[in-house]
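Engineer: This is structure07.txt, which holds compact mmCIF, C-alpha atoms:
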# COMPACT_ATOMS: atom_id res chain seq x y z
CA MET A 1 -152.91 11.44 49.93
CA PRO A 2 -153.11 8.57 47.47
CA LYS A 3 -152.70 5.08 48.68
CA GLU A 4 -149.39 3.39 47.99
CA ARG A 5 -149.67 0.70 45.35
CA ARG A 6 -147.94 -2.54 46.06
CA VAL A 7 -146.21 -4.31 43.23
CA ILE A 8 -145.99 -8.04 43.68
CA GLU A 9 -143.48 -9.90 41.53
CA TYR A 10 -144.00 -13.55 40.80
CA ILE A 11 -141.18 -15.89 39.89
CA GLU A 12 -142.20 -19.03 38.05
CA TRP A 13 -140.28 -22.21 38.67
CA THR A 14 -140.12 -25.10 36.27
CA THR A 15 -139.18 -28.47 37.59
CA ILE A 16 -137.04 -30.59 35.25
CA PRO A 17 -137.40 -34.29 35.95
CA TYR A 18 -134.22 -36.04 36.92
CA ARG A 19 -134.61 -38.65 34.15
CA THR A 20 -134.85 -35.94 31.48
CA LEU A 21 -131.71 -34.23 32.79
CA ARG A 22 -129.86 -37.52 32.88
CA PHE A 23 -130.92 -38.33 29.30
CA TRP A 24 -129.57 -35.09 27.86
CA VAL A 25 -126.30 -35.37 29.81
CA ILE A 26 -125.78 -38.85 28.33
CA VAL A 27 -126.58 -37.58 24.81
CA ILE A 28 -124.07 -34.72 25.11
CA LEU A 29 -121.36 -37.02 26.48
CA ALA A 30 -122.01 -39.55 23.70
CA VAL A 31 -121.65 -36.86 21.03
CA VAL A 32 -118.39 -35.58 22.56
CA PHE A 33 -117.07 -39.13 22.87
CA GLY A 34 -117.97 -39.97 19.27
CA VAL A 35 -116.32 -36.83 17.89
CA GLY A 36 -113.23 -37.60 19.96
CA LEU A 37 -113.01 -41.12 18.56
CA TRP A 38 -113.36 -39.80 15.02
CA PHE A 39 -110.45 -37.37 15.51
CA ILE A 40 -108.28 -40.07 17.08
CA ASN A 41 -109.01 -42.45 14.23
CA LYS A 42 -108.32 -39.87 11.54
CA TYR A 43 -105.43 -37.91 13.04
CA GLY A 44 -103.85 -40.15 15.67
CA ILE A 45 -103.59 -39.91 19.45
CA ALA A 46 -102.04 -36.75 20.84
CA VAL A 47 -98.86 -37.33 22.87
CA GLY A 48 -97.53 -34.52 25.02
CA GLY A 49 -100.02 -32.09 23.50
CA ARG A 50 -99.06 -32.91 19.92
CA SER A 51 -100.55 -35.38 17.46
CA THR A 52 -98.42 -38.36 16.45
CA ASP A 53 -99.57 -37.66 12.88
CA ALA A 54 -98.18 -34.14 12.79
CA GLN A 55 -96.82 -34.65 9.27
CA PRO A 56 -99.49 -35.01 6.54
CA GLU A 57 -97.31 -37.47 4.62
CA VAL A 58 -97.27 -39.84 7.58
CA LEU A 59 -101.07 -39.94 7.58
CA GLU A 60 -101.07 -40.54 3.83
CA LYS A 61 -98.71 -43.47 4.19
CA ARG A 62 -101.14 -44.97 6.66
CA ALA A 63 -104.02 -44.71 4.24
CA ALA A 64 -105.06 -47.41 1.79
CA GLN A 65 -106.29 -46.77 -1.73
CA PHE A 66 -108.05 -48.45 -4.61
CA THR A 67 -105.87 -49.45 -7.56
CA TYR A 68 -108.60 -51.32 -9.45
CA LEU A 69 -112.38 -50.99 -9.56
CA ASP A 70 -114.78 -53.10 -11.55
CA GLY A 71 -118.57 -52.87 -11.43
CA ASP A 72 -120.63 -51.88 -8.39
CA VAL A 73 -118.21 -51.02 -5.56
CA LYS A 74 -119.35 -48.80 -2.68
CA VAL A 75 -117.65 -47.30 0.37
CA LYS A 76 -119.14 -46.22 3.69
CA PRO A 77 -116.58 -43.93 5.37
CA LEU A 78 -116.33 -43.96 9.16
CA ASP A 79 -117.68 -40.41 9.44
CA SER A 80 -120.59 -40.93 7.03
CA LEU A 81 -124.00 -42.55 7.23
CA GLU A 82 -124.26 -43.12 3.49
CA TRP A 83 -122.65 -45.43 0.96
CA VAL A 84 -120.79 -43.63 -1.83
CA ALA A 85 -119.33 -44.82 -5.14
CA ALA A 86 -115.76 -46.08 -4.66
CA ASP A 87 -114.41 -43.98 -7.53
CA LYS A 88 -115.28 -40.89 -5.46
CA VAL A 89 -113.07 -42.02 -2.57
CA GLU A 90 -109.36 -41.20 -2.75
CA ARG A 91 -108.23 -42.72 0.56
CA LEU A 92 -109.43 -45.46 2.89
CA TYR A 93 -108.92 -45.36 6.66
CA PRO A 94 -109.67 -47.62 9.66
CA GLY A 95 -113.41 -47.84 10.22
CA ASP A 96 -114.30 -47.53 6.52
CA LEU A 97 -116.45 -50.26 4.92
CA VAL A 98 -116.08 -51.59 1.36
CA ARG A 99 -118.92 -53.46 -0.37
CA THR A 100 -118.93 -55.17 -3.78
CA GLY A 101 -122.02 -56.13 -5.75
CA ALA A 102 -122.64 -58.99 -8.17
CA ASN A 103 -119.99 -59.35 -10.90
CA SER A 104 -117.93 -56.65 -9.19
CA SER A 105 -114.52 -56.54 -7.52
CA CYS A 106 -111.80 -54.17 -6.36
CA ARG A 107 -108.15 -54.12 -5.35
CA VAL A 108 -107.05 -52.25 -2.22
CA VAL A 109 -103.36 -51.51 -1.59
CA PHE A 110 -102.12 -50.54 1.88
CA PHE A 111 -99.12 -48.40 2.72
CA ASP A 112 -97.00 -51.45 3.63
CA GLY A 113 -97.56 -53.03 0.20
CA THR A 114 -100.24 -55.50 1.30
CA ILE A 115 -102.82 -56.07 -1.44
CA TYR A 116 -106.39 -57.23 -0.82
CA GLU A 117 -108.50 -58.20 -3.84
CA VAL A 118 -112.15 -58.17 -2.78
CA LYS A 119 -114.39 -60.54 -4.77
CA SER A 120 -118.07 -60.23 -5.76
CA ASN A 121 -120.85 -59.90 -3.17
CA SER A 122 -118.44 -59.20 -0.32
CA LEU A 123 -118.34 -56.82 2.64
CA VAL A 124 -115.01 -55.78 4.16
CA SER A 125 -114.19 -53.50 7.08
CA ILE A 126 -110.78 -51.85 7.45
CA LEU A 127 -109.75 -52.41 11.07
CA GLU A 128 -106.13 -51.25 11.15
CA SER A 129 -103.73 -49.29 8.97
CA TYR A 130 -101.22 -47.84 11.41
CA GLU A 131 -97.50 -47.24 11.79
CA ASN A 132 -95.75 -46.60 15.10
CA PRO A 133 -93.56 -43.51 14.47
CA SER A 134 -91.07 -44.48 17.17
CA ASN A 135 -90.15 -47.96 15.90
CA LEU A 136 -91.86 -48.02 12.46
CA THR A 137 -93.90 -51.11 13.38
CA ARG A 138 -96.84 -51.43 11.00
CA SER A 139 -100.27 -52.96 11.57
CA VAL A 140 -102.68 -53.76 8.74
CA ASN A 141 -105.90 -55.65 9.36
CA VAL A 142 -109.24 -56.10 7.58
CA GLU A 143 -112.38 -57.99 8.58
CA LEU A 144 -114.23 -60.06 5.99
CA ALA A 145 -117.87 -59.84 7.08
CA THR A 146 -119.10 -61.95 4.15
CA GLY A 147 -117.83 -63.08 0.76
CA ALA A 148 -114.26 -63.73 -0.40
CA LEU A 149 -110.91 -62.01 -0.95
CA ASP A 150 -107.37 -62.72 -2.11
CA LEU A 151 -104.39 -61.16 -0.38
CA SER A 152 -100.66 -60.90 -0.91
CA THR A 153 -97.97 -59.55 1.39
CA TYR A 154 -94.38 -58.44 0.91
CA GLN A 155 -91.35 -58.57 3.18
CA LYS A 156 -92.23 -56.89 6.48
CA ASN A 157 -90.07 -53.95 7.50
CA THR A 158 -89.77 -55.18 11.13
CA PRO A 159 -90.43 -58.57 12.78
CA GLN A 160 -93.13 -56.92 14.92
CA SER A 161 -95.16 -55.67 11.94
CA LYS A 162 -98.48 -57.47 11.42
CA THR A 163 -100.79 -58.18 8.51
CA LYS A 164 -104.10 -59.83 9.38
CA VAL A 165 -107.46 -60.82 8.00
CA GLU A 166 -110.37 -61.56 10.33
CA THR A 167 -113.84 -63.02 10.16
CA ALA A 168 -116.51 -63.31 12.87
CA ASN A 169 -114.94 -66.52 14.22
CA THR A 170 -111.31 -66.45 13.02
CA VAL A 171 -108.20 -64.28 12.85
CA ALA A 172 -105.27 -65.05 10.53
CA ASP A 173 -101.83 -63.52 11.11
CA VAL A 174 -100.28 -63.54 7.64
CA GLY A 175 -96.52 -63.81 7.20
CA SER A 176 -94.19 -62.04 4.77
CA ASN A 177 -94.23 -62.88 1.04
CA THR A 178 -97.49 -64.79 1.36
CA ARG A 179 -100.32 -65.28 -1.11
CA ALA A 180 -103.62 -66.54 0.26
CA SER A 181 -107.39 -66.42 -0.17
CA ALA A 182 -110.10 -66.17 2.48
CA THR A 183 -113.84 -66.86 2.42
CA TYR A 184 -116.58 -66.41 4.99
CA ASP A 185 -120.14 -67.70 4.82
CA ASP A 186 -122.10 -65.61 7.34
CA ARG A 187 -125.06 -67.98 7.10
CA LEU A 188 -123.09 -71.12 8.00
CA LYS A 189 -120.52 -69.21 10.11
CA ASP A 190 -117.80 -70.98 8.12
CA THR A 191 -114.35 -69.51 7.48
CA GLY A 192 -112.00 -70.89 4.84
CA LEU A 193 -108.36 -69.94 4.25
CA LYS A 194 -106.12 -71.27 1.47
CA VAL A 195 -102.40 -70.49 1.20
CA SER A 196 -100.58 -70.88 -2.10
CA GLN A 197 -97.27 -69.38 -0.92
CA GLY A 198 -95.82 -68.42 2.46
CA GLN A 199 -97.71 -69.06 5.69
CA ALA A 200 -100.41 -67.78 8.05
CA ALA A 201 -101.16 -68.50 11.73
CA VAL A 202 -104.93 -69.07 12.01
CA THR A 203 -106.69 -68.81 15.39
CA SER A 204 -110.27 -69.64 16.32
CA LYS A 205 -111.87 -66.80 18.28
CA GLU A 206 -114.11 -69.28 20.09
CA THR A 207 -111.57 -71.85 21.34
CA ARG A 208 -108.30 -69.89 20.90
CA ASP A 209 -106.89 -72.97 19.14
CA SER A 210 -104.32 -72.08 16.48
CA VAL A 211 -102.74 -73.79 13.46
CA VAL A 212 -100.09 -72.68 10.97
CA VAL A 213 -101.17 -72.98 7.33
CA ARG A 214 -98.38 -73.12 4.75
CA GLY A 215 -98.15 -73.21 0.96
CA ASN A 216 -100.68 -75.56 -0.67
CA GLU A 217 -102.58 -76.02 2.58
CA SER A 218 -106.01 -74.89 3.74
CA VAL A 219 -108.05 -74.69 6.94
CA ASN A 220 -111.78 -74.42 7.62
CA VAL A 221 -113.12 -73.07 10.90
CA GLN A 222 -116.71 -73.68 11.98
CA ASP A 223 -118.26 -73.91 15.48
CA GLY A 224 -114.77 -73.72 16.97
CA ALA A 225 -113.56 -76.81 15.08
CA MET A 226 -110.53 -76.41 12.78
CA GLN A 227 -109.98 -78.76 9.82
CA LYS A 228 -106.61 -78.47 8.10
CA ARG A 229 -105.74 -80.31 4.89
CA ALA A 230 -103.13 -80.45 2.14
CA LEU A 231 -104.01 -79.02 -1.27
CA PRO A 232 -102.93 -80.07 -4.76
CA PRO A 233 -100.59 -77.41 -6.17
CA GLY A 234 -101.71 -75.17 -9.01
CA PRO A 235 -100.68 -76.57 -12.42
CA VAL A 236 -98.24 -74.68 -14.65
CA LEU A 237 -99.92 -73.55 -17.89
CA LEU A 238 -98.02 -74.39 -21.08
CA ALA A 239 -100.27 -73.36 -23.99
CA PRO A 240 -101.70 -71.10 -25.28
CA LEU A 241 -98.90 -68.73 -24.34
CA THR A 242 -99.81 -65.53 -22.51
CA SER A 243 -101.19 -62.96 -24.99
CA GLU A 244 -101.12 -65.44 -27.88
CA ILE A 245 -103.25 -64.40 -30.87
CA PHE A 246 -105.27 -66.79 -33.05
CA SER A 247 -106.35 -65.36 -36.42
CA ALA A 248 -109.10 -66.84 -38.56
CA LYS A 249 -111.84 -65.98 -41.03
CA ASP A 250 -114.31 -68.02 -38.97
CA PRO A 251 -113.48 -67.97 -35.23
CA GLU A 252 -115.76 -70.88 -34.34
CA ARG A 253 -113.69 -73.18 -36.55
CA VAL A 254 -110.50 -72.44 -34.61
CA ASN A 255 -109.38 -75.43 -32.53
CA ILE A 256 -107.35 -74.27 -29.54
CA ARG A 257 -105.34 -76.82 -27.57
CA PHE A 258 -105.01 -75.99 -23.88
CA GLN A 259 -102.08 -77.71 -22.23
CA TRP A 260 -100.75 -77.75 -18.67
CA GLN A 261 -98.13 -79.55 -16.61
CA VAL A 262 -99.50 -82.64 -14.87
CA VAL A 263 -99.28 -82.42 -11.07
CA ASN A 264 -100.18 -86.07 -10.45
CA ALA A 265 -101.28 -88.78 -12.89
CA THR A 266 -104.27 -89.67 -10.66
CA TYR A 267 -105.56 -86.09 -10.36
CA SER A 268 -108.42 -84.49 -12.22
CA TYR A 269 -108.20 -80.99 -13.67
CA ARG A 270 -110.86 -78.31 -13.91
CA VAL A 271 -110.36 -76.16 -17.01
CA ALA A 272 -112.21 -72.81 -17.01
CA ILE A 273 -112.42 -70.12 -19.73
CA SER A 274 -113.94 -66.66 -19.25
CA ASN A 275 -114.05 -63.30 -20.99
CA HIS A 276 -113.14 -61.56 -17.72
CA PRO A 277 -110.00 -62.04 -15.56
CA GLN A 278 -112.16 -62.37 -12.42
CA PHE A 279 -114.13 -65.26 -13.98
CA TYR A 280 -117.53 -63.78 -13.09
CA GLN A 281 -119.09 -65.95 -15.78
CA LYS A 282 -117.42 -69.05 -17.15
CA LEU A 283 -117.93 -69.49 -20.89
CA PHE A 284 -116.47 -72.96 -20.73
CA GLU A 285 -115.74 -75.32 -17.83
CA ARG A 286 -114.87 -79.02 -17.92
CA VAL A 287 -113.20 -81.55 -15.60
CA VAL A 288 -110.83 -84.06 -17.20
CA THR A 289 -109.01 -86.91 -15.44
CA GLY A 290 -105.40 -87.96 -15.95
CA LYS A 291 -104.88 -85.67 -18.95
CA ASP A 292 -102.54 -82.77 -19.63
CA SER A 293 -104.50 -81.12 -22.45
CA LEU A 294 -107.93 -80.31 -23.84
CA THR A 295 -109.01 -78.99 -27.27
CA VAL A 296 -111.76 -76.35 -27.39
CA SER A 297 -113.54 -74.75 -30.36
CA GLY A 298 -116.58 -72.55 -30.95
CA LEU A 299 -115.27 -69.34 -29.34
CA ALA A 300 -116.13 -65.99 -30.95
CA TYR A 301 -113.73 -63.14 -31.68
CA GLY A 302 -112.49 -61.51 -28.48
CA ASN A 303 -110.11 -61.69 -25.51
CA TYR A 304 -110.21 -64.70 -23.20
CA TYR A 305 -108.75 -65.80 -19.87
CA TRP A 306 -108.15 -69.38 -18.75
CA ARG A 307 -106.91 -71.27 -15.72
CA VAL A 308 -106.66 -74.85 -14.43
CA THR A 309 -107.31 -76.23 -10.94
CA ALA A 310 -106.09 -79.64 -9.76
CA ILE A 311 -108.45 -81.98 -7.87
CA ASP A 312 -106.96 -84.88 -5.88
CA SER A 313 -108.33 -88.39 -5.39
CA ASN A 314 -110.23 -87.24 -2.28
CA ASN A 315 -112.02 -84.59 -4.37
CA VAL A 316 -110.06 -81.79 -2.65
CA GLU A 317 -109.68 -78.82 -5.03
CA GLY A 318 -106.43 -76.90 -4.87
CA TYR A 319 -105.38 -73.35 -5.57
CA PRO A 320 -105.98 -72.30 -9.22
CA SER A 321 -103.08 -71.87 -11.58
CA ALA A 322 -101.99 -68.43 -12.67
CA THR A 323 -104.46 -66.92 -15.14
CA SER A 324 -103.34 -66.69 -18.76
CA MET A 325 -104.84 -64.62 -21.58
CA PHE A 326 -105.26 -65.22 -25.32
CA GLY A 327 -107.22 -63.64 -28.16
CA ILE A 328 -109.07 -64.65 -31.32
CA ARG A 329 -108.98 -62.08 -34.14
CA PRO A 330 -110.12 -61.83 -37.75
CA GLN A 331 -107.34 -62.15 -40.29
CA LYS A 332 -105.76 -58.77 -40.83
CA LEU A 333 -105.48 -57.44 -44.40
CA ASN A 334 -102.35 -55.45 -43.64
CA PRO A 335 -100.28 -57.27 -40.99
CA SER A 336 -97.40 -54.84 -41.37
CA GLU A 337 -99.47 -51.90 -40.14
CA SER A 338 -97.79 -50.33 -37.11
CA ILE A 339 -99.26 -50.95 -33.65
CA ARG A 340 -100.67 -47.78 -32.12
CA PHE A 341 -99.77 -47.15 -28.49
CA ASP A 342 -99.81 -43.84 -26.63
CA LEU A 343 -98.22 -43.64 -23.18
CA THR A 344 -99.98 -40.65 -21.65
CA GLU A 345 -98.54 -40.50 -18.15
CA ILE A 346 -96.66 -42.47 -15.47
CA VAL A 347 -97.47 -41.38 -11.91
CA VAL A 348 -95.37 -42.41 -8.90
CA ILE A 349 -97.60 -43.22 -5.90
CA GLY A 350 -95.39 -44.32 -3.02
CA ASN A 351 -93.76 -47.53 -4.27
CA ILE A 352 -96.41 -48.13 -6.95
CA LEU A 353 -96.61 -46.78 -10.50
CA GLU A 354 -99.85 -45.73 -12.18
CA VAL A 355 -99.50 -46.18 -15.95
CA ILE A 356 -102.02 -44.31 -18.12
CA GLY A 357 -102.31 -44.64 -21.87
CA ARG A 358 -104.24 -45.77 -24.92
CA THR A 359 -104.05 -48.36 -27.67
CA ASP A 360 -106.45 -50.03 -30.09
CA PRO A 361 -109.23 -51.68 -28.04
CA ASP A 362 -108.71 -55.04 -29.80
CA ASN A 363 -105.03 -55.25 -28.87
CA LEU A 364 -103.68 -57.39 -26.05
CA LEU A 365 -101.62 -55.44 -23.52
CA THR A 366 -99.43 -56.59 -20.63
CA ILE A 367 -97.24 -54.58 -18.26
CA ASN A 368 -94.54 -56.56 -16.45
CA GLY A 369 -96.44 -59.70 -17.30
CA ARG A 370 -99.70 -58.44 -15.79
CA MET A 371 -102.75 -58.36 -18.05
CA VAL A 372 -104.19 -54.87 -18.57
CA ILE A 373 -107.94 -54.39 -19.05
CA LEU A 374 -108.76 -51.91 -21.81
CA GLU A 375 -111.82 -49.69 -21.92
CA LYS A 376 -114.06 -49.74 -25.01
CA ASP A 377 -112.12 -46.82 -26.51
CA GLY A 378 -108.75 -48.46 -25.83
CA THR A 379 -107.79 -46.26 -22.86
CA PHE A 380 -106.39 -47.86 -19.72
CA LYS A 381 -105.23 -47.04 -16.21
CA HIS A 382 -102.97 -49.70 -14.69
CA PHE A 383 -101.36 -49.92 -11.24
CA THR A 384 -98.19 -51.99 -10.96
CA ASP A 385 -97.17 -54.25 -8.12
CA PRO A 386 -95.10 -52.47 -5.44
CA PHE A 387 -91.42 -51.84 -6.20
CA ALA A 388 -88.57 -51.61 -3.71
CA LYS A 389 -88.21 -48.05 -2.42
CA GLY A 390 -85.16 -46.19 -3.63
CA ALA A 391 -84.63 -48.60 -6.52
CA GLU A 392 -85.29 -48.18 -10.22
CA ALA A 393 -88.66 -49.43 -11.42
CA ARG A 394 -88.44 -51.22 -14.77
CA LEU A 395 -91.53 -51.45 -16.95
CA GLU A 396 -91.84 -53.91 -19.82
CA ILE A 397 -94.89 -53.04 -21.92
CA VAL A 398 -95.94 -55.60 -24.55
CA ILE A 399 -98.68 -54.90 -27.12
CA LYS A 400 -99.97 -57.51 -29.59
CA ASP A 401 -102.30 -56.72 -32.47
CA TYR A 402 -104.69 -58.73 -34.66
CA SER A 403 -101.98 -60.38 -36.72
CA GLY A 404 -99.92 -61.41 -33.72
CA ALA A 405 -97.34 -58.68 -34.37
CA VAL A 406 -95.63 -57.53 -31.18
CA ARG A 407 -94.45 -54.13 -30.01
CA ARG A 408 -92.31 -53.88 -26.87
CA ILE A 409 -91.61 -50.74 -24.85
CA ASN A 410 -89.18 -50.60 -21.92
CA LYS A 411 -89.17 -47.78 -19.37
CA THR A 412 -87.06 -47.13 -16.27
CA ILE A 413 -88.47 -44.91 -13.53
CA LYS A 414 -86.56 -43.67 -10.48
CA MET A 415 -88.49 -44.44 -7.28
CA ASP A 416 -87.94 -41.73 -4.66
Can I see the file as structure tokens?
Structural biologist:
Amino acid sequence: MPKERRVIEYIEWTTIPYRTLRFWVIVILAVVFGVGLWFINKYGIAVGGRSTDAQPEVLEKRAAQFTYLDGDVKVKPLDSLEWVAADKVERLYPGDLVRTGANSSCRVVFFDGTIYEVKSNSLVSILESYENPSNLTRSVNVELATGALDLSTYQKNTPQSKTKVETANTVADVGSNTRASATYDDRLKDTGLKVSQGQAAVTSKETRDSVVVRGNESVNVQDGAMQKRALPPGPVLLAPLTSEIFSAKDPERVNIRFQWQVVNATYSYRVAISNHPQFYQKLFERVVTGKDSLTVSGLAYGNYYWRVTAIDSNNVEGYPSATSMFGIRPQKLNPSESIRFDLTEIVVIGNILEVIGRTDPDNLLTINGRMVILEKDGTFKHFTDPFAKGAEARLEIVIKDYSGAVRRINKTIKMD
């Protein structure tokens, strides 16, 4: 009788160290938490099992978008690790970063009509772009990490609605119908805010001290200290007129007289001329004292932009004047030739109109008084200022050619 064979089974045990287990639990929780934050940021917080952003159009109204791009502008979306070209981004949401390079700028319009114009070499983070569905209170806020920006607001829909701009050491609560500019030097930790119209309540994050800055006033915040001062107002430009054309066989022999309204007889005035509306490079800049005009020659054929800034007796420089545009053209052999202008499309985007078209690249074009930048082939894409919802939007398109001949086109668009 054969002997019974015994089968012995071995069970191997592996001991997992407590620290390893704890590490992976933390990693999993962090991933879940991060994904949750992303969904909340993009789609709102669920209330009663349903998202507050149930309607896609509500989410779109809470988004911001570019209406102007110039040069090297990049975006780093909240859910991305890489910077992408701004022209590839249709919408901007809280958590997105916007960066401009040298000689570059962009304009960002929020759903409440607030406009931020980001200057060269700047970094901006979108902090808030929300609307409370129950009471329609709106919150718009951006952080200027470095660089400079201009901003303008419109009448707020409710007294509780907020528009803000922050830096590392300052927060500014900007009122309705306000135009202002902000700067932040991350090396010196210095914040500057100038207001040309309206008002803003500026608070130091370090001391919680607060001041109200009104039209033609500024404040600087550094190391908790706040220095507020009055600013000279921006002069009114008188000549050349906006879109004025100068024709000549030799452009450098053309003497152009620049004239402005004197703010104060003791003030100095900084006159600047550029071939770009953002004044990346100044072709001409001079400071004159106690004068209301200056004659300049030696400019080549082309389009030019100019502005004047007043400087008081304490060497405090105010807000620049509005920018005006003029052109120098060769004398045209056939001045009666008709001005070519093709209006390709008008697109309604909320309370803003996108006007697309084409004209001769040497023409000067304005829409509702705003200068339009033409591409080399004469095509353009222009976004208007916001219109009142439910009203009719009126467009006045003015085209001037070499000879100074003018063509005007008026359009009326129903805003839904």
Engineer: Step by step: start from the point (-107.6, -68.6, 14.7) in the file's coordinates, keep every protein, DNA or RNA residue that has an atom no farther than 9 Å from it, count only C-alpha atoms, and write the set as a ChimeraX atom specification.
Structural biologist: /A:166,169-173,201-211,221,226
Engineer: Generate a file of the selected residues that holds C-alpha atoms, formatted as a short mmCIF file (atom, residue, chain, number, x, y, z; two decimals), in the coordinates of the input.
Structural biologist:
data_model
loop_
_atom_site.label_atom_id
_atom_site.label_comp_id
_atom_site.auth_asym_id
_atom_site.auth_seq_id
_atom_site.Cartn_x
_atom_site.Cartn_y
_atom_site.Cartn_z
CA GLU A 166 -110.37 -61.56 10.33
CA ASN A 169 -114.94 -66.52 14.22
CA THR A 170 -111.31 -66.45 13.02
CA VAL A 171 -108.20 -64.28 12.85
CA ALA A 172 -105.27 -65.05 10.53
CA ASP A 173 -101.83 -63.52 11.11
CA ALA A 201 -101.16 -68.50 11.73
CA VAL A 202 -104.93 -69.07 12.01
CA THR A 203 -106.69 -68.81 15.39
CA SER A 204 -110.27 -69.64 16.32
CA LYS A 205 -111.87 -66.80 18.28
CA GLU A 206 -114.11 -69.28 20.09
CA THR A 207 -111.57 -71.85 21.34
CA ARG A 208 -108.30 -69.89 20.90
CA ASP A 209 -106.89 -72.97 19.14
CA SER A 210 -104.32 -72.08 16.48
CA VAL A 211 -102.74 -73.79 13.46
CA VAL A 221 -113.12 -73.07 10.90
CA MET A 226 -110.53 -76.41 12.78
#
Engineer: Please work out which residues fall within 6 Å of (-96.3, -62.1, -1.0), coordinates as given in the file, with all atoms listed in the file counting, and return them as an mmCIF file with C-alpha atoms, in the coordinates of the input.
Structural biologist:
data_model
loop_
_atom_site.group_PDB
_atom_site.id
_atom_site.type_symbol
_atom_site.label_atom_id
_atom_site.label_comp_id
_atom_site.auth_asym_id
_atom_site.auth_seq_id
_atom_site.Cartn_x
_atom_site.Cartn_y
_atom_site.Cartn_z
ATOM 1 C CA SER A 152 -100.660 -60.900 -0.910
ATOM 2 C CA THR A 153 -97.970 -59.550 1.390
ATOM 3 C CA TYR A 154 -94.380 -58.440 0.910
ATOM 4 C CA ASN A 177 -94.230 -62.880 1.040
ATOM 5 C CA THR A 178 -97.490 -64.790 1.360
ATOM 6 C CA ARG A 179 -100.320 -65.280 -1.110
#
Engineer: Out of A:Val84, A:Cys106, A:Val316, A:Ala265, which residue has the shortest atom-to-atom distance to Asn121 in chain A when counting all atoms listed in the file?
Structural biologist: A:Cys106
Engineer: Which is closest to Asp79 in chain A among A:Pro159, A:Gly224, A:Gly95, A:Pro277, if we use only C-alpha atoms?
Structural biologist: A:Gly95
Engineer: Restricting the calculation to all atoms listed in the file, which member of A:Leu283, A:Ala310, A:Ala225, A:Val89 is positioned closest to Gln261 in chain A?
Structural biologist: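 Counting all atoms listed in the file, the residue closest to Gln261 in chain A is A:Ala310.
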Engineer: Which residue is closest to Asn132 in chain A? Choose from A:Ile413, A:Gln160, A:Thr146, A:Ala85 and count all atoms listed in the file.
Structural biologist: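 Of A:Ile413, A:Gln160, A:Thr146, A:Ala85, the one nearest Asn132 in chain A, counting all atoms listed in the file, is A:Gln160.
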Engineer: Please compute the CA of Gly234 in chain A-CA of Arg307 in chain A distance, one decimal, in Å.
Structural biologist: 9.3 Å
Engineer: For Thr266 in chain A, which residue out of A:Asp292, A:Ala388, A:Gly175, A:Arg408 is the nearest one, using only C-alpha atoms?
Structural biologist: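 Once distances to Thr266 in chain A are computed over only C-alpha atoms, the minimum belongs to A:Asp292.
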Engineer: Residues within 7 Å of range 380-384 of chain A, please, as a list in words. Count all atoms listed in the file; anything in the same chain fewer than 4 positions from it doesn't count.
Structural biologist: Thr67, Ile352, Leu353, Glu354, Val355, Ile356, Gly357, Arg358, Val372, Ile373, Leu374 and Glu375 of chain A
Engineer: Considering only C-alpha atoms, state which residue in the set A:Pro320, A:Arg138, A:Trp83, A:Gly350 is at the smallest distance from Ser181 in chain A.
Structural biologist: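 Checking each candidate against Ser181 in chain A, we get A:Pro320 as the closest.
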Engineer: Can you tell me how far CA of Val140 in chain A sits from CA of Gly390 in chain A, in Å to one decimal?
Structural biologist: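 A separation of 22.7 Å between them.
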Engineer: CA of Phe387 in chain A and CA of Lys74 in chain A are how many Å apart?
Structural biologist: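 Distance reported for this atom pair: 28.3 Å.
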Engineer: Using all atoms listed in the file, which protein or nucleic acid residues come within 12 Å of Ala86 in chain A? Drop anything in the same chain fewer than 4 positions from it, and give the result as a CSV table (one decimal) with C-alpha atoms, in the coordinates of the input.
Structural biologist:
chain,number,residue,atom,x,y,z
A,65,GLN,CA,-106.3,-46.8,-1.7
A,66,PHE,CA,-108.0,-48.4,-4.6
A,67,THR,CA,-105.9,-49.4,-7.6
A,68,TYR,CA,-108.6,-51.3,-9.4
A,69,LEU,CA,-112.4,-51.0,-9.6
A,70,ASP,CA,-114.8,-53.1,-11.6
A,71,GLY,CA,-118.6,-52.9,-11.4
A,72,ASP,CA,-120.6,-51.9,-8.4
A,73,VAL,CA,-118.2,-51.0,-5.6
A,74,LYS,CA,-119.4,-48.8,-2.7
A,75,VAL,CA,-117.6,-47.3,0.4
A,76,LYS,CA,-119.1,-46.2,3.7
A,77,PRO,CA,-116.6,-43.9,5.4
A,90,GLU,CA,-109.4,-41.2,-2.8
A,91,ARG,CA,-108.2,-42.7,0.6
A,92,LEU,CA,-109.4,-45.5,2.9
A,96,ASP,CA,-114.3,-47.5,6.5
A,97,LEU,CA,-116.4,-50.3,4.9
A,98,VAL,CA,-116.1,-51.6,1.4
A,99,ARG,CA,-118.9,-53.5,-0.4
A,100,THR,CA,-118.9,-55.2,-3.8
A,101,GLY,CA,-122.0,-56.1,-5.8
A,104,SER,CA,-117.9,-56.6,-9.2
A,105,SER,CA,-114.5,-56.5,-7.5
A,106,CYS,CA,-111.8,-54.2,-6.4
A,107,ARG,CA,-108.2,-54.1,-5.4
A,108,VAL,CA,-107.0,-52.2,-2.2
Engineer: Give me the residues within 10 Å of Asn410 in chain A as a ChimeraX atom specification, counting all atoms listed in the file and dropping any in the same chain fewer than 2 places off.
Structural biologist: /A:367-368,394-398,408,412
Engineer: Just the residues within 10 Å of Asn264 in chain A, please, counting only C-alpha atoms, with nothing from its chain fewer than 4 positions along; format it as a list in words.
Structural biologist: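 Listing them by chain and then by number gives Pro232, Pro233, Pro235, Ser268, Gly290, Lys291, Ala310, Ile311, Asp312 and Ser313 of chain A.
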